[in-house]
$ cat upload16.txt   # compact mmCIF, C-alpha atoms
# COMPACT_ATOMS: atom_id res chain seq x y z
CA MET A 1 -14.36 8.09 -8.26
CA ASP A 2 -11.63 10.34 -9.63
CA SER A 3 -8.68 12.43 -8.50
CA VAL A 4 -9.28 15.99 -7.30
CA LYS A 5 -8.02 18.52 -9.83
CA ILE A 6 -6.16 21.60 -8.59
CA ASN A 7 -4.59 24.68 -10.09
CA SER A 8 -0.98 23.54 -9.73
CA GLY A 9 0.64 26.04 -12.10
CA LYS A 10 4.22 24.95 -12.79
CA THR A 11 4.29 22.63 -9.77
CA LEU A 12 4.80 18.95 -10.66
CA MET A 13 2.35 16.50 -9.08
CA VAL A 14 3.44 13.12 -7.71
CA ALA A 15 1.02 10.28 -6.98
CA HIS A 16 1.73 9.01 -3.45
CA ARG A 17 2.11 5.20 -3.44
CA GLY A 18 0.41 5.36 -6.83
CA LEU A 19 -3.06 6.87 -6.99
CA SER A 20 -3.72 5.55 -3.49
CA GLY A 21 -6.79 7.72 -2.94
CA ILE A 22 -8.61 5.45 -5.39
CA GLU A 23 -6.71 2.13 -5.58
CA LEU A 24 -4.86 0.18 -2.91
CA GLU A 25 -1.50 1.80 -2.21
CA ASN A 26 1.70 0.48 -3.80
CA THR A 27 -0.02 -2.03 -6.08
CA ASN A 28 0.03 -2.36 -9.84
CA ALA A 29 -3.57 -1.11 -9.77
CA SER A 30 -2.56 2.15 -8.09
CA PHE A 31 0.45 2.62 -10.37
CA ILE A 32 -1.63 2.11 -13.52
CA ALA A 33 -4.34 4.46 -12.22
CA ALA A 34 -1.68 7.15 -11.78
CA GLY A 35 -0.12 6.29 -15.13
CA ASN A 36 -3.40 6.96 -16.89
CA ARG A 37 -3.59 10.50 -15.45
CA SER A 38 -1.50 13.65 -15.74
CA TYR A 39 0.88 13.00 -12.82
CA TYR A 40 4.52 13.83 -13.36
CA GLY A 41 5.71 11.10 -11.02
CA ILE A 42 4.62 7.97 -9.19
CA GLU A 43 6.02 7.43 -5.70
CA THR A 44 6.59 4.09 -3.98
CA ASP A 45 8.71 2.36 -1.31
CA VAL A 46 11.27 -0.41 -1.75
CA HIS A 47 12.26 -3.21 0.65
CA LYS A 48 14.63 -6.16 0.30
CA THR A 49 13.18 -9.61 1.03
CA SER A 50 15.01 -12.25 3.05
CA ASP A 51 16.10 -13.97 -0.17
CA GLY A 52 17.44 -10.81 -1.76
CA ARG A 53 14.55 -9.68 -3.99
CA PHE A 54 13.36 -6.07 -4.13
CA VAL A 55 9.64 -5.46 -3.61
CA VAL A 56 7.55 -2.35 -3.21
CA PHE A 57 5.57 -2.02 0.01
CA HIS A 58 5.33 0.76 2.56
CA ASP A 59 5.16 -0.85 6.00
CA ASP A 60 7.78 -3.08 7.60
CA ASN A 61 5.09 -5.75 8.04
CA THR A 62 2.01 -6.74 6.05
CA GLY A 63 -0.69 -6.76 8.75
CA ARG A 64 -2.28 -3.39 7.93
CA LEU A 65 -3.12 -4.43 4.36
CA CYS A 66 -3.40 -8.18 4.64
CA ASP A 67 -4.94 -10.88 6.83
CA THR A 68 -1.46 -12.45 7.17
CA ASP A 69 1.08 -10.43 9.15
CA VAL A 70 4.73 -11.05 8.29
CA ILE A 71 7.83 -8.86 8.37
CA VAL A 72 8.68 -7.99 4.77
CA GLU A 73 12.45 -8.03 5.10
CA GLU A 74 12.41 -11.34 7.03
CA THR A 75 10.20 -13.15 4.51
CA GLU A 76 11.00 -14.84 1.19
CA PHE A 77 9.63 -13.32 -1.99
CA SER A 78 7.48 -16.34 -2.86
CA THR A 79 5.63 -16.05 0.45
CA LEU A 80 5.06 -12.32 0.03
CA ARG A 81 3.91 -12.74 -3.56
CA ALA A 82 1.31 -15.31 -2.50
CA LEU A 83 -0.38 -12.87 -0.11
CA HIS A 84 -3.68 -11.35 -1.18
CA LEU A 85 -3.94 -7.75 -0.06
CA ASN A 86 -7.31 -6.30 0.90
CA ASP A 87 -8.18 -3.62 -1.65
CA LYS A 88 -9.86 -0.35 -0.64
CA TYR A 89 -13.29 -1.91 -1.15
CA GLY A 90 -12.68 -5.16 0.73
CA ASP A 91 -11.93 -7.40 -2.27
CA THR A 92 -9.14 -9.92 -1.60
CA THR A 93 -9.31 -11.73 -4.95
CA ARG A 94 -7.94 -9.14 -7.39
CA ALA A 95 -4.84 -10.20 -9.31
CA ASP A 96 -3.57 -6.60 -9.46
CA THR A 97 -3.37 -6.12 -5.68
CA LEU A 98 -0.45 -8.45 -5.03
CA ILE A 99 2.87 -7.06 -3.75
CA PRO A 100 4.78 -5.89 -6.87
CA THR A 101 8.47 -6.23 -7.55
CA LEU A 102 10.68 -3.21 -8.04
CA LYS A 103 11.04 -4.11 -11.71
CA GLU A 104 7.27 -4.25 -12.20
CA TYR A 105 6.90 -0.78 -10.71
CA ILE A 106 9.69 0.64 -12.87
CA ALA A 107 8.23 -1.03 -15.96
CA THR A 108 4.87 0.64 -15.29
CA CYS A 109 6.51 4.04 -14.84
CA LYS A 110 8.39 3.50 -18.09
CA ARG A 111 5.28 2.36 -19.98
CA TYR A 112 3.37 5.49 -18.97
CA GLU A 113 6.43 7.77 -19.18
CA LYS A 114 6.27 8.81 -15.52
CA ILE A 115 9.13 9.75 -13.21
CA ALA A 116 9.70 7.05 -10.60
CA VAL A 117 9.98 8.60 -7.13
CA LEU A 118 11.52 5.75 -5.16
CA GLU A 119 11.78 5.76 -1.38
CA LEU A 120 14.61 3.70 0.06
CA LYS A 121 12.90 2.28 3.14
CA ASN A 122 14.95 1.63 6.27
CA GLU A 123 18.72 1.64 5.90
CA PHE A 124 20.41 -0.01 2.93
CA THR A 125 24.08 -0.84 2.51
CA LYS A 126 25.98 0.71 -0.36
CA GLU A 127 25.95 -2.68 -2.09
CA GLU A 128 22.17 -2.96 -1.75
CA ILE A 129 21.64 0.53 -3.17
CA ASP A 130 23.93 -0.40 -6.04
CA ALA A 131 21.84 -3.53 -6.66
CA ILE A 132 18.64 -1.43 -6.69
CA CYS A 133 20.19 0.95 -9.19
CA ASN A 134 21.40 -1.94 -11.35
CA GLU A 135 17.88 -3.42 -11.50
CA ILE A 136 16.62 -0.06 -12.74
CA ILE A 137 19.54 0.26 -15.18
CA SER A 138 18.60 -3.16 -16.60
CA LEU A 139 15.30 -1.55 -17.66
CA ASP A 140 17.11 1.52 -19.01
CA TYR A 141 15.26 3.89 -16.67
CA LEU A 142 17.67 5.16 -14.01
CA GLU A 143 17.75 8.67 -15.52
CA ASN A 144 14.00 8.88 -14.82
CA VAL A 145 14.21 8.06 -11.11
CA ILE A 146 14.26 10.42 -8.13
CA PHE A 147 15.44 8.70 -4.94
CA ILE A 148 14.03 9.74 -1.56
CA SER A 149 14.74 8.53 1.98
CA PHE A 150 14.36 9.44 5.64
CA CYS A 151 17.76 7.79 6.17
CA PHE A 152 20.49 10.34 5.43
CA ALA A 153 23.06 7.56 5.12
CA ASN A 154 21.09 6.15 2.17
CA MET A 155 21.38 9.52 0.47
CA THR A 156 25.14 9.80 1.00
CA ARG A 157 25.69 6.21 -0.20
CA LEU A 158 23.66 6.95 -3.32
CA ARG A 159 25.81 10.04 -3.86
CA GLU A 160 28.96 7.90 -3.75
CA LEU A 161 27.54 5.62 -6.43
CA HIS A 162 25.81 8.19 -8.62
CA PRO A 163 27.05 11.72 -7.97
CA GLY A 164 24.55 14.36 -8.96
CA HIS A 165 21.62 11.97 -9.37
CA PRO A 166 18.29 13.53 -8.25
CA ALA A 167 17.71 12.73 -4.59
CA GLN A 168 15.48 14.21 -1.90
CA PHE A 169 15.98 13.89 1.84
CA LEU A 170 12.69 13.05 3.57
CA THR A 171 11.84 14.73 6.85
CA SER A 172 8.83 15.58 8.97
CA LYS A 173 10.41 18.65 10.58
CA PHE A 174 11.90 21.87 9.26
CA GLN A 175 15.20 22.92 10.81
CA PRO A 176 16.78 26.33 10.12
CA ASP A 177 20.08 24.74 9.02
CA LEU A 178 18.46 22.27 6.61
CA PRO A 179 18.93 24.41 3.47
CA GLN A 180 22.67 24.76 4.13
CA ILE A 181 23.12 21.05 4.96
CA LEU A 182 21.29 19.92 1.84
CA GLN A 183 23.15 22.40 -0.34
CA ALA A 184 26.46 21.03 0.96
CA HIS A 185 25.45 17.47 0.02
CA GLY A 186 23.77 18.35 -3.28
CA LEU A 187 20.40 17.08 -2.07
CA ASP A 188 16.85 18.33 -2.44
CA ILE A 189 14.08 18.14 0.19
CA ASP A 190 10.83 16.20 0.58
CA ILE A 191 9.17 17.54 3.71
CA LEU A 192 5.83 17.21 5.51
CA PHE A 193 3.61 19.78 3.78
CA THR A 194 2.47 21.52 6.98
CA GLU A 195 6.09 22.47 7.71
CA LEU A 196 6.28 24.74 4.67
CA THR A 197 5.72 28.46 4.32
CA GLU A 198 6.45 30.77 1.42
CA GLU A 199 9.54 32.02 3.25
CA ARG A 200 10.88 28.51 3.87
CA ILE A 201 10.41 27.51 0.23
CA LYS A 202 12.30 30.65 -0.79
CA ASP A 203 15.09 29.81 1.67
CA PHE A 204 15.50 26.36 0.14
CA HIS A 205 15.47 27.81 -3.37
CA ASP A 206 18.04 30.44 -2.42
CA HIS A 207 20.34 27.52 -1.51
CA GLY A 208 19.68 25.72 -4.79
CA VAL A 209 17.45 23.10 -3.13
CA LYS A 210 14.30 21.90 -4.92
CA VAL A 211 11.27 21.38 -2.68
CA ASN A 212 8.85 18.46 -2.63
CA CYS A 213 6.28 17.86 0.10
CA TRP A 214 4.38 14.89 1.49
CA THR A 215 1.48 14.15 1.67
CA CYS A 216 -0.86 17.03 0.84
CA ASP A 217 -4.49 16.12 0.16
CA ASP A 218 -5.81 19.58 1.08
CA LYS A 219 -6.78 21.37 -2.15
CA ALA A 220 -6.55 24.91 -0.75
CA PHE A 221 -3.20 24.29 0.96
CA ALA A 222 -1.81 22.64 -2.18
CA GLU A 223 -2.80 25.63 -4.29
CA ASP A 224 -1.09 27.92 -1.76
CA LEU A 225 2.06 25.80 -2.02
CA ALA A 226 1.93 26.04 -5.80
CA SER A 227 1.53 29.82 -5.63
CA TRP A 228 4.60 29.95 -3.36
CA GLY A 229 6.65 28.21 -6.03
CA ILE A 230 7.02 24.69 -4.61
CA ASP A 231 8.59 22.36 -7.16
CA TYR A 232 6.61 19.18 -6.43
CA ILE A 233 3.54 18.16 -4.43
CA THR A 234 3.06 14.52 -3.44
CA SER A 235 -0.57 13.58 -2.87
CA ASN A 236 -2.87 10.59 -2.48
CA ILE A 237 -5.69 12.18 -4.49
CA LEU A 238 -4.85 15.67 -5.77
CA GLU A 239 -3.90 15.97 -9.42
$ encode --input "upload16.txt" --output "C-alpha cells"
Amino acid sequence: MDSVKINSGKTLMVAHRGLSGIELENTNASFIAAGNRSYYGIETDVHKTSDGRFVVFHDDNTGRLCDTDVIVEETEFSTLRALHLNDKYGDTTRADTLIPTLKEYIATCKRYEKIAVLELKNEFTKEEIDAICNEIISLDYLENVIFISFCFANMTRLRELHPGHPAQFLTSKFQPDLPQILQAHGLDIDILFTELTEERIKDFHDHGVKVNCWTCDDKAFAEDLASWGIDYITSNILE
C-alpha cells in the first residue's frame, strides 16, 4: 500500500497524524512512514498527562484505538505508555504503535527534516504552551514548527510568547470576517477543505493569510485546491 500521488504544484503537502492512511495515526510508525516520503510536514496533536508529560494523541480518551479506555489528560504517562494500540490491521503487539512523547515526534521530524505541524489540543495555559515550546527548543527545532489549534486563546497565548511564529487557527466553518480577524492577529488559517473556494483562498491571501486545509483525501478536489493557489493541503493519504 502506498500514498496517492497528486499534481500539487507549489502547494505543500502535510501528512495528517503522520501517514495515517497506511499506518496507525499519531504513532512513530505513521511519522516514520511520512518521513520516508516527500511530505513537507507531519501533523500531530499534543496533550498533557496528569503528571505533566506531553504526549501525542488525537482523542481525549483512548477507547477508539485501544482496548483500554482512559482519559489522556487524567492519566499518568507510565499508564498511557503501557497501552498497546490496535494498528490498522488488528495487530496489538507492535512496539512502534505505542503512544509517543512530544519529544519523540519532534525528533522524528528533525531526523527526516520535516516541518512539525503541532495541534494544541484543548485549551492550554500560557505556562503550558511555554513548556511545550521549551521541550521543542531543547531539541533545537522550534523554528521548524507550525502551531495549529481550534482554541483561539491558545493562538493568542502563543503570540505573547513567540510573536510572529507560524501559527494557523483551525476551524470547520468559513466566516466572511475571518480574513480580517486573522490578519489583525497575525495568524494563518487551517480550515475544513470543503469550506474553500478559489475566491475564499484569494480573500485570505489578499489579507496576507496563508491557507491550509484539513483533511482532504479527494484527489480531484485537492488538485483543484492546488490550482487555486492554496498554500498547504493536509491529508491522510494524498502526497
$ closest_atom_pairs --input "upload16.txt" --of "segment 150-201 of chain A" --to "segment 108-125 of chain A" --cutoff "8 Å" --atoms "all atoms listed in the file" --output "JSON lines"
{"residue": "A:Phe150", "atom": "CA", "partner": "A:Lys121", "partner_atom": "CA", "distance": 7.7}
{"residue": "A:Cys151", "atom": "CA", "partner": "A:Glu123", "partner_atom": "CA", "distance": 6.2}
{"residue": "A:Ala153", "atom": "CA", "partner": "A:Glu123", "partner_atom": "CA", "distance": 7.4}
{"residue": "A:Asn154", "atom": "CA", "partner": "A:Phe124", "partner_atom": "CA", "distance": 6.2}
{"residue": "A:Arg157", "atom": "CA", "partner": "A:Thr125", "partner_atom": "CA", "distance": 7.7}
$ write_last_selection --input "upload16.txt" --atoms "C-alpha atoms" --output "mmCIF file, in the coordinates of the input"
data_model
loop_
_atom_site.group_PDB
_atom_site.id
_atom_site.type_symbol
_atom_site.label_atom_id
_atom_site.label_comp_id
_atom_site.auth_asym_id
_atom_site.auth_seq_id
_atom_site.Cartn_x
_atom_site.Cartn_y
_atom_site.Cartn_z
ATOM 1 C CA PHE A 150 14.360 9.440 5.640
ATOM 2 C CA CYS A 151 17.760 7.790 6.170
ATOM 3 C CA ALA A 153 23.060 7.560 5.120
ATOM 4 C CA ASN A 154 21.090 6.150 2.170
ATOM 5 C CA ARG A 157 25.690 6.210 -0.200
#
$ residues_around --input "upload16.txt" --residues "Glu73 of chain A" --least-positions-apart "2" --cutoff "12 Å" --atoms "only C-alpha atoms" --output "ChimeraX atom specification"
/A:46-62,70-71,75-77,79-80,121-124
$ closest_residue --input "upload16.txt" --among "A:Met1, A:Ile42, A:Ile230, A:Cys213" --to "Ala15 of chain A" --atoms "all atoms listed in the file"
A:Ile42
$ closest_residue --input "upload16.txt" --among "A:Val211, A:Ala29, A:Ile148, A:Ile201" --to "Tyr232 of chain A" --atoms "only C-alpha atoms"
A:Val211
$ atom_distance --input "upload16.txt" --atom1 "atom CA of Gln175 of chain A" --atom2 "atom CA of Ile233 of chain A"
19.8 Å
$ residues_around --input "upload16.txt" --residues "Pro179 of chain A" --least-positions-apart "5" --cutoff "10 Å" --atoms "only C-alpha atoms" --output "list in words"
Phe174, Ala184, Leu187, Asp188, Ile189, Arg200, Ile201, Asp203, Phe204, His205, Asp206, His207, Gly208, Val209 and Lys210 of chain A
$ write_last_selection --input "upload16.txt" --atoms "C-alpha atoms" --output "PDB file, keeping the file's coordinate frame"
ATOM      1  CA  PHE A 174      11.900  21.870   9.260  1.00  0.00           C
ATOM      2  CA  ALA A 184      26.460  21.030   0.960  1.00  0.00           C
ATOM      3  CA  LEU A 187      20.400  17.080  -2.070  1.00  0.00           C
ATOM      4  CA  ASP A 188      16.850  18.330  -2.440  1.00  0.00           C
ATOM      5  CA  ILE A 189      14.080  18.140   0.190  1.00  0.00           C
ATOM      6  CA  ARG A 200      10.880  28.510   3.870  1.00  0.00           C
ATOM      7  CA  ILE A 201      10.410  27.510   0.230  1.00  0.00           C
ATOM      8  CA  ASP A 203      15.090  29.810   1.670  1.00  0.00           C
ATOM      9  CA  PHE A 204      15.500  26.360   0.140  1.00  0.00           C
ATOM     10  CA  HIS A 205      15.470  27.810  -3.370  1.00  0.00           C
ATOM     11  CA  ASP A 206      18.040  30.440  -2.420  1.00  0.00           C
ATOM     12  CA  HIS A 207      20.340  27.520  -1.510  1.00  0.00           C
ATOM     13  CA  GLY A 208      19.680  25.720  -4.790  1.00  0.00           C
ATOM     14  CA  VAL A 209      17.450  23.100  -3.130  1.00  0.00           C
ATOM     15  CA  LYS A 210      14.300  21.900  -4.920  1.00  0.00           C
TER      16      LYS A 210
END
$ closest_residue --input "upload16.txt" --among "A:Glu25, A:Glu143, A:Asp45, A:Asp218" --to "Leu85 of chain A" --atoms "all atoms listed in the file"
A:Glu25
$ closest_residue --input "upload16.txt" --among "A:Asp96, A:Glu128, A:Asp190, A:Asp177" --to "Leu161 of chain A" --atoms "only C-alpha atoms"
A:Glu128
$ atom_distance --input "upload16.txt" --atom1 "atom CA of Glu135 of chain A" --atom2 "atom CA of Leu170 of chain A"
22.9 Å
$ closest_residue --input "upload16.txt" --among "A:Pro166, A:Ile106, A:Cys216, A:Phe193" --to "Ile137 of chain A" --atoms "all atoms listed in the file"
A:Ile106
$ axis_aligned_box --input "upload16.txt" --around "segment 146-165 of chain A" --padding-each-side "5 Å" --output "JSON"
{"center_x": 21.5, "center_y": 10.0, "center_z": -1.6, "size_x": 24.9, "size_y": 18.7, "size_z": 25.5}
$ atom_distance --input "upload16.txt" --atom1 "atom CA of Leu142 of chain A" --atom2 "atom CA of Thr171 of chain A"
23.7 Å
$ closest_residue --input "upload16.txt" --among "A:Ala107, A:Val72, A:Leu158, A:Ala167" --to "Leu139 of chain A" --atoms "only C-alpha atoms"
A:Ala107
